[in-house]
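Asker: So here's start_4.csv (CSV, C-alpha atoms).
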chain,number,residue,atom,x,y,z
E,10,MET,CA,57.8,57.5,56.2
E,11,LEU,CA,56.4,57.5,59.7
E,12,SER,CA,56.4,60.8,61.5
E,13,ALA,CA,58.8,61.2,64.4
E,14,ILE,CA,56.1,63.0,66.4
E,15,LYS,CA,52.5,63.3,65.4
E,16,VAL,CA,50.0,65.3,67.5
E,17,GLU,CA,46.4,65.3,66.3
E,18,GLN,CA,43.8,67.8,67.7
E,19,VAL,CA,45.2,67.5,71.2
E,20,THR,CA,43.4,69.4,74.0
E,21,LYS,CA,44.2,69.5,77.7
E,22,GLN,CA,41.7,70.9,80.2
E,23,TYR,CA,42.5,71.6,83.9
E,24,HIS,CA,39.2,72.5,85.4
E,25,ASP,CA,38.5,76.0,84.0
E,26,LEU,CA,41.8,76.3,82.2
E,27,ARG,CA,42.3,75.0,78.7
E,28,ALA,CA,46.1,74.6,78.5
E,29,LEU,CA,46.0,73.1,74.9
E,30,ASP,CA,43.3,73.9,72.4
E,31,GLY,CA,43.3,71.6,69.3
E,32,VAL,CA,47.0,71.3,68.7
E,33,ASP,CA,48.1,69.6,65.4
E,34,LEU,CA,51.8,68.9,64.7
E,35,ASP,CA,53.6,66.6,62.4
E,36,ILE,CA,57.3,66.5,62.9
E,37,ALA,CA,59.3,64.5,60.3
E,38,GLN,CA,62.1,62.1,61.2
E,39,GLY,CA,65.5,63.9,61.2
E,40,GLU,CA,64.1,67.4,61.7
E,41,PHE,CA,65.5,70.0,64.1
E,42,PHE,CA,62.2,71.5,65.2
E,43,GLY,CA,61.6,74.5,67.4
E,44,LEU,CA,58.6,74.8,69.7
E,45,LEU,CA,58.4,78.4,70.9
E,46,GLY,CA,56.0,80.4,73.0
E,47,PRO,CA,55.7,82.7,76.0
E,48,ASN,CA,55.4,81.3,79.5
E,49,GLY,CA,52.1,79.6,79.9
E,50,ALA,CA,51.6,79.0,76.2
E,51,GLY,CA,51.3,75.2,76.7
E,52,LYS,CA,54.8,74.0,75.6
E,53,THR,CA,55.6,72.0,78.7
E,54,THR,CA,52.0,70.5,78.8
E,55,LEU,CA,52.4,69.4,75.2
E,56,ILE,CA,55.8,67.8,75.9
E,57,SER,CA,54.3,66.1,79.0
E,58,ILE,CA,51.6,64.5,76.9
E,59,ILE,CA,54.1,63.4,74.2
E,60,ALA,CA,56.3,61.9,76.9
E,61,GLY,CA,53.3,60.1,78.6
E,62,LEU,CA,53.6,62.2,81.8
E,63,ALA,CA,50.1,63.7,81.3
E,64,ARG,CA,47.0,62.4,79.5
E,65,ALA,CA,45.4,64.5,76.8
E,66,THR,CA,41.7,65.4,77.4
E,67,THR,CA,41.0,64.8,73.7
E,68,GLY,CA,43.1,64.0,70.7
E,69,ARG,CA,46.1,61.7,70.3
E,70,ALA,CA,49.9,61.8,70.1
E,71,SER,CA,52.4,59.3,68.8
E,72,VAL,CA,56.2,58.9,68.7
E,73,MET,CA,57.7,57.0,65.8
E,74,GLY,CA,54.2,55.7,65.0
E,75,HIS,CA,53.6,54.4,68.6
E,76,ASP,CA,50.6,55.8,70.3
E,77,VAL,CA,51.7,57.3,73.6
E,78,VAL,CA,48.7,55.8,75.5
E,79,THR,CA,48.0,52.4,73.8
E,80,ASP,CA,51.6,51.6,72.9
E,81,TYR,CA,53.3,53.5,75.7
E,82,ARG,CA,56.3,51.2,76.2
E,83,ALA,CA,57.5,51.6,72.5
E,84,ALA,CA,56.7,55.3,72.5
E,85,ARG,CA,58.9,55.9,75.6
E,86,ARG,CA,61.7,53.8,74.3
E,87,SER,CA,61.7,56.0,71.2
E,88,LEU,CA,61.9,59.3,73.1
E,89,GLY,CA,64.5,61.0,75.3
E,90,VAL,CA,63.4,64.1,77.2
E,91,VAL,CA,65.6,66.8,78.8
E,92,PRO,CA,63.2,68.5,81.3
E,93,GLN,CA,63.2,72.1,82.2
E,94,GLU,CA,63.5,71.4,85.9
E,95,LEU,CA,66.7,70.1,87.4
E,96,VAL,CA,65.7,66.6,88.5
E,97,MET,CA,68.3,64.4,90.1
E,98,ASP,CA,69.1,61.6,92.6
E,99,PRO,CA,71.7,63.1,95.0
E,100,PHE,CA,73.0,59.8,96.2
E,101,PHE,CA,74.8,58.6,93.1
E,102,THR,CA,77.7,59.6,90.9
E,103,VAL,CA,77.3,60.7,87.3
E,104,ARG,CA,78.3,57.3,85.9
E,105,GLU,CA,76.1,55.5,88.4
E,106,THR,CA,73.1,57.7,87.4
E,107,LEU,CA,73.6,56.9,83.7
E,108,THR,CA,74.1,53.2,84.4
E,109,PHE,CA,70.8,53.1,86.4
E,110,GLN,CA,69.1,55.0,83.6
E,111,SER,CA,70.2,52.4,81.1
E,112,GLY,CA,68.7,49.7,83.4
E,113,TYR,CA,65.3,51.4,83.4
E,114,PHE,CA,65.2,50.7,79.7
E,115,GLY,CA,66.5,47.1,80.1
E,116,ILE,CA,69.8,48.0,78.4
E,117,LYS,CA,72.9,45.9,79.5
E,118,ASN,CA,76.5,46.4,78.7
E,119,ASN,CA,76.0,50.1,77.8
E,120,ALA,CA,79.3,51.3,79.2
E,121,ALA,CA,80.9,52.2,75.8
E,122,TRP,CA,77.9,54.5,74.9
E,123,ILE,CA,77.9,56.0,78.4
E,124,ASP,CA,81.6,56.8,78.0
E,125,GLU,CA,80.9,58.5,74.7
E,126,VAL,CA,78.1,60.6,76.0
E,127,ILE,CA,80.1,61.6,79.1
E,128,GLU,CA,83.0,62.6,76.9
E,129,HIS,CA,81.0,64.6,74.4
E,130,LEU,CA,79.2,66.5,77.2
E,131,ASP,CA,82.5,67.3,78.9
E,132,LEU,CA,81.6,65.3,82.0
E,133,THR,CA,84.7,63.0,82.0
E,134,ASP,CA,86.3,64.7,85.0
E,135,LYS,CA,83.0,64.6,86.9
E,136,ALA,CA,82.1,60.9,86.1
E,137,HIS,CA,82.8,59.8,89.6
E,138,THR,CA,81.5,62.9,91.4
E,139,ASN,CA,78.3,62.7,93.4
E,140,MET,CA,75.4,64.5,91.8
E,141,ARG,CA,74.7,66.8,94.7
E,142,ARG,CA,78.2,68.3,94.3
E,143,LEU,CA,77.7,69.4,90.7
E,144,SER,CA,77.0,72.9,89.7
E,145,GLY,CA,73.7,73.8,88.1
E,146,GLY,CA,75.2,73.7,84.6
E,147,MET,CA,76.8,70.3,85.2
E,148,LYS,CA,73.6,68.9,86.5
E,149,ARG,CA,71.9,70.1,83.3
E,150,ARG,CA,74.5,68.3,81.2
E,151,VAL,CA,73.7,65.1,83.2
E,152,LEU,CA,70.0,65.5,82.3
E,153,VAL,CA,71.0,65.6,78.7
E,154,ALA,CA,73.1,62.5,79.1
E,155,GLN,CA,70.2,60.7,80.8
E,156,ALA,CA,67.9,61.5,77.9
E,157,LEU,CA,70.5,60.0,75.4
E,158,VAL,CA,71.6,57.0,77.3
E,159,HIS,CA,69.1,54.6,75.6
E,160,LYS,CA,69.9,56.0,72.1
E,161,PRO,CA,66.3,57.3,71.4
E,162,PRO,CA,65.6,58.3,67.8
E,163,VAL,CA,63.6,61.4,69.0
E,164,ILE,CA,65.0,63.9,71.6
E,165,ILE,CA,63.0,66.7,73.2
E,166,LEU,CA,65.0,69.5,74.8
E,167,ASP,CA,63.0,71.7,77.1
E,168,GLU,CA,65.0,74.8,77.9
E,169,PRO,CA,68.3,72.8,77.9
E,170,THR,CA,70.6,75.8,78.2
E,171,ALA,CA,68.8,77.7,80.9
E,172,GLY,CA,71.4,78.8,83.4
E,173,VAL,CA,74.3,77.4,81.3
E,174,ASP,CA,77.4,79.4,80.6
E,175,VAL,CA,78.4,80.3,77.0
E,176,GLU,CA,81.2,77.7,76.7
E,177,LEU,CA,79.0,74.9,78.0
E,178,ARG,CA,76.2,76.0,75.7
E,179,GLN,CA,78.4,75.9,72.6
E,180,GLY,CA,79.7,72.4,73.5
E,181,LEU,CA,76.2,71.1,74.0
E,182,TRP,CA,75.0,72.4,70.7
E,183,ARG,CA,77.9,70.9,68.9
E,184,PHE,CA,77.0,67.5,70.3
E,185,ILE,CA,73.2,68.0,69.6
E,186,ARG,CA,74.0,69.0,66.0
E,187,ARG,CA,76.0,65.9,65.5
E,188,LEU,CA,73.1,63.8,66.8
E,189,ASN,CA,70.8,65.5,64.4
E,190,GLU,CA,73.2,64.9,61.5
E,191,ASP,CA,73.3,61.2,62.5
E,192,GLY,CA,69.5,61.1,62.0
E,193,HIS,CA,68.1,61.9,65.4
E,194,THR,CA,65.0,64.1,65.5
E,195,ILE,CA,65.5,67.1,67.8
E,196,VAL,CA,62.6,69.1,69.3
E,197,LEU,CA,63.8,72.3,71.1
E,198,THR,CA,62.0,74.7,73.3
E,199,THR,CA,64.0,77.8,74.3
E,200,HIS,CA,63.7,81.4,75.3
E,201,TYR,CA,67.0,82.1,73.6
E,202,LEU,CA,65.5,82.8,70.2
E,203,GLU,CA,68.9,83.2,68.5
E,204,GLU,CA,69.5,79.5,69.3
E,205,ALA,CA,66.2,78.5,67.6
E,206,GLU,CA,67.0,80.7,64.6
E,207,ALA,CA,70.5,79.2,64.2
E,208,LEU,CA,69.5,75.6,64.8
E,209,CYS,CA,65.9,74.9,63.8
E,210,GLY,CA,64.8,74.2,60.2
E,211,ARG,CA,61.1,74.6,61.1
E,212,ILE,CA,59.3,76.3,64.0
E,213,ALA,CA,55.9,76.2,65.6
E,214,MET,CA,54.8,79.1,67.9
E,215,LEU,CA,52.2,78.5,70.6
E,216,LYS,CA,50.1,81.1,72.4
E,217,GLN,CA,47.3,80.3,74.9
E,218,GLY,CA,47.4,76.6,73.9
E,219,ARG,CA,47.1,77.1,70.2
E,220,VAL,CA,49.6,77.0,67.3
E,221,VAL,CA,49.6,80.5,65.9
E,222,ALA,CA,52.5,80.1,63.5
E,223,LEU,CA,54.1,77.0,61.8
E,224,ASP,CA,56.6,77.3,59.0
E,225,THR,CA,60.3,77.0,58.1
E,226,THR,CA,62.5,79.4,59.9
E,227,GLN,CA,63.4,81.3,56.7
E,228,ASN,CA,59.7,81.6,55.7
E,229,LEU,CA,58.8,83.0,59.1
E,230,LEU,CA,61.6,85.6,58.8
E,231,ARG,CA,60.6,86.5,55.3
E,232,LYS,CA,56.8,86.6,55.6
E,233,HIS,CA,56.4,88.3,58.9
E,234,SER,CA,59.1,90.8,59.3
E,235,GLY,CA,59.9,92.9,56.2
E,236,CYS,CA,63.3,94.6,56.5
E,237,TYR,CA,65.2,97.5,58.0
E,238,VAL,CA,67.4,100.1,56.4
E,239,ASP,CA,70.1,102.1,58.3
E,240,LEU,CA,71.0,105.4,56.7
E,241,ARG,CA,73.5,108.1,57.2
E,242,LEU,CA,72.9,111.0,54.9
E,243,ILE,CA,74.7,114.2,53.8
E,244,PRO,CA,73.2,116.5,54.9
E,245,ASP,CA,71.6,114.6,57.8
E,246,VAL,CA,68.0,115.6,56.8
E,247,LEU,CA,65.5,112.9,55.9
E,248,PRO,CA,62.8,113.8,53.3
E,249,ASP,CA,59.4,114.4,54.9
E,250,ALA,CA,57.9,111.6,52.9
E,251,LEU,CA,60.2,109.1,54.6
E,252,LYS,CA,59.8,110.3,58.2
E,253,PRO,CA,56.8,108.0,59.0
E,254,LEU,CA,59.1,105.0,58.3
E,255,VAL,CA,61.6,106.0,61.0
E,256,VAL,CA,61.8,103.5,63.9
E,257,ALA,CA,65.1,104.6,65.5
E,258,HIS,CA,67.8,107.2,65.5
E,259,ALA,CA,71.5,106.4,66.3
E,260,ASP,CA,75.1,107.4,65.5
E,261,GLY,CA,74.1,110.3,63.3
E,262,GLY,CA,71.7,108.2,61.2
E,263,CYS,CA,68.3,106.7,61.2
E,264,ARG,CA,66.6,103.3,60.8
E,265,LEU,CA,63.6,102.9,58.5
E,266,ALA,CA,61.2,99.9,58.7
E,267,LEU,CA,60.0,98.5,55.3
E,268,LYS,CA,57.3,96.0,54.5
E,269,ASP,CA,59.5,94.5,51.8
E,270,TYR,CA,62.7,95.1,49.7
E,271,VAL,CA,60.6,96.6,46.8
E,272,GLU,CA,60.2,99.8,48.9
E,273,LEU,CA,63.9,100.5,48.7
E,274,GLU,CA,63.6,101.9,45.2
E,275,GLY,CA,61.1,104.5,46.4
E,276,ILE,CA,63.3,105.5,49.3
E,277,MET,CA,66.3,106.0,47.1
E,278,ALA,CA,64.2,108.0,44.7
E,279,ALA,CA,62.9,110.3,47.4
E,280,ILE,CA,66.5,110.9,48.7
E,281,ARG,CA,67.8,111.7,45.2
E,282,THR,CA,64.8,114.0,44.5
E,283,ALA,CA,65.7,115.9,47.7
E,284,GLY,CA,69.3,116.4,46.6
E,285,ILE,CA,70.6,114.3,49.5
E,286,LYS,CA,73.6,112.0,49.3
E,287,VAL,CA,73.8,108.6,51.0
E,288,GLN,CA,77.0,108.4,53.1
E,289,GLU,CA,76.3,104.9,54.5
E,290,MET,CA,73.5,102.4,54.0
E,291,GLU,CA,72.9,98.9,55.4
E,292,VAL,CA,69.9,96.7,54.7
E,293,MET,CA,69.0,94.2,57.4
E,294,GLN,CA,66.5,91.4,58.0
E,295,PRO,CA,65.0,91.3,61.5
E,296,ASP,CA,65.8,88.4,63.6
E,297,LEU,CA,63.5,85.7,65.0
E,298,GLU,CA,63.0,87.5,68.2
E,299,GLU,CA,61.4,90.4,66.4
E,300,VAL,CA,59.2,88.0,64.3
E,301,PHE,CA,58.2,86.3,67.5
E,302,VAL,CA,57.1,89.6,69.1
E,303,GLN,CA,55.2,90.6,66.0
E,304,ILE,CA,53.3,87.3,65.9
E,305,MET,CA,52.5,87.3,69.6
E,306,GLN,CA,51.1,90.9,69.4
E,307,ARG,CA,49.1,90.1,66.3
E,308,GLU,CA,47.5,87.1,68.0
E,309,ALA,CA,46.6,89.1,71.1
Take the structure I supplied and represent it as structure tokens, if you would.
Answerer:
Amino acid sequence: MLSAIKVEQVTKQYHDLRALDGVDLDIAQGEFFGLLGPNGAGKTTLISIIAGLARATTGRASVMGHDVVTDYRAARRSLGVVPQELVMDPFFTVRETLTFQSGYFGIKNNAAWIDEVIEHLDLTDKAHTNMRRLSGGMKRRVLVAQALVHKPPVIILDEPTAGVDVELRQGLWRFIRRLNEDGHTIVLTTHYLEEAEALCGRIAMLKQGRVVALDTTQNLLRKHSGCYVDLRLIPDVLPDALKPLVVAHADGGCRLALKDYVELEGIMAAIRTAGIKVQEMEVMQPDLEEVFVQIMQREA
């Protein structure tokens, strides 16, 4: 099966700045893929190259098997991009904007799909409103609608929920999940890492233009983070051997950081040997945000 997006040894040089440094990615059709990294990591540059808005210095990229340079028309038809910036034409209504967008791709009689997109993005009551009168959150919804209007098999969402309220965010993700279930490939960049953890099956992390981590979300959580144990003890005295593991104190208890679950047995043995009773215990796996911080610090 063709890859939805394939990036091969892509570099991008801006004078003395190397924005991308030998990036390789192979995103399968139907994936919900996360592209994460701090500001300046190269995410938007990479998206711009995939979308044909920038030219790679070396390497190549393709969308649904179409090279973004030599077969750019087919590559662009296969891709919908929701940009990070709010880009709009202030002279048209929402429906007119989407109708013109259809025309850019040579699509006629697209009213039924436009109506469906407007409905699922909760834009029905704004369909005949001029774009300049919309709130920031509504404008972002229209950007999503524009990216979907030509029914692309691959959709890139660059910070799609920045500045969007909670209700709007949940509605947007319900619609995007449905598109993914229908077979669309989704690539997401976001600083809301709880979104990436909940939505993405696989994640790549970029730092200084290089891919520093690439794996399934569950493997990243499992391999890089270990686990935490929250304890409340009677009496509230932790054995000396366990004190180096403490990372926090709260609510009359303490939190210990472990490299893996095997260490739990040694902790319980130390507590029993000291004649201490466990009043409460909770074992937790760190979230993606903690894993992200660990990987970024490790790759410093």
Asker: Which value, in Å to one decimal, gives the distance between atom CA of E:Arg69 and atom CA of E:Phe41?
Answerer: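 Taking atom CA of E:Arg69 and atom CA of E:Phe41, their separation equals 22.0 Å.
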Asker: Within 10 Å of (50.2, 63.9, 80.1) (file coordinates; only C-alpha atoms), which protein or nucleic acid residues are there? I'd like them as a list of chain:residue names.
Answerer: E:Lys21, E:Thr53, E:Thr54, E:Leu55, E:Ile56, E:Ser57, E:Ile58, E:Ile59, E:Ala60, E:Gly61, E:Leu62, E:Ala63, E:Arg64, E:Ala65, E:Thr66, E:Val77, E:Val78
Asker: Using all atoms listed in the file, pick whichever of E:Trp122, E:Trp182, E:Phe100, E:Phe109 has the shortest atom-to-atom distance to E:Leu157.
Answerer: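 The answer is E:Trp122, which sits nearest to E:Leu157.
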Asker: Which polymer residues have any atom within 8 Å of an atom of stretch 85-98 of chain E, counting only C-alpha atoms, with same-chain residues fewer than 4 positions away left out, as a compact mmCIF listing (two decimals) with C-alpha atoms, in the coordinates of the input?
Answerer:
# COMPACT_ATOMS: atom_id res chain seq x y z
CA ALA E 60 56.30 61.90 76.90
CA GLY E 61 53.30 60.10 78.60
CA VAL E 72 56.20 58.90 68.70
CA MET E 73 57.70 57.00 65.80
CA VAL E 77 51.70 57.30 73.60
CA TYR E 81 53.30 53.50 75.70
CA THR E 106 73.10 57.70 87.40
CA PHE E 114 65.20 50.70 79.70
CA MET E 140 75.40 64.50 91.80
CA ARG E 141 74.70 66.80 94.70
CA GLY E 145 73.70 73.80 88.10
CA LYS E 148 73.60 68.90 86.50
CA ARG E 149 71.90 70.10 83.30
CA LEU E 152 70.00 65.50 82.30
CA VAL E 153 71.00 65.60 78.70
CA GLN E 155 70.20 60.70 80.80
CA ALA E 156 67.90 61.50 77.90
CA LEU E 157 70.50 60.00 75.40
CA HIS E 159 69.10 54.60 75.60
CA PRO E 161 66.30 57.30 71.40
CA PRO E 162 65.60 58.30 67.80
CA VAL E 163 63.60 61.40 69.00
CA ILE E 164 65.00 63.90 71.60
CA ILE E 165 63.00 66.70 73.20
CA LEU E 166 65.00 69.50 74.80
CA ASP E 167 63.00 71.70 77.10
CA GLU E 168 65.00 74.80 77.90
CA PRO E 169 68.30 72.80 77.90
Asker: Counting all atoms listed in the file, which residue out of E:Val173, E:Val238, E:Met214, E:Val126 sits closest to E:Glu291?
Answerer: E:Val238
Asker: Pick from E:Leu143, E:Ala222, E:Val19, E:Val151: nearest to E:Gly43, with all atoms listed in the file counted?
Answerer: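 Among E:Leu143, E:Ala222, E:Val19, E:Val151, it is E:Ala222 that comes nearest to E:Gly43.
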Asker: Just the number, please: distance in Å from atom CA of E:Ala279 to atom CA of E:Ala257, one decimal.
Answerer: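 Result for atom CA of E:Ala279 versus atom CA of E:Ala257: 19.1 Å, one decimal.
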Asker: Just the number, please: distance in Å from atom CA of E:Val256 to atom CA of E:Asp239, one decimal.
Answerer: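 These two atoms are separated by 10.1 Å.
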Asker: Which one is closest to E:Arg178: E:Phe301, E:Ala250, E:Asp131, E:Val32? Count all atoms listed in the file.
Answerer: E:Asp131
Asker: Under the rule that only C-alpha atoms are counted, which of E:Gln22, E:His129, E:His200, E:Gln288 is the nearest residue to E:Arg183?
Answerer: E:His129
Asker: Do a neighbour search on E:Val292 at 10 Å with only C-alpha atoms, toss out local chain neighbours closer than 5 positions, and write the hits as JSON, numbers by chain.
Answerer: {"E": [236, 237, 238, 239, 240, 264, 265, 270, 273]}
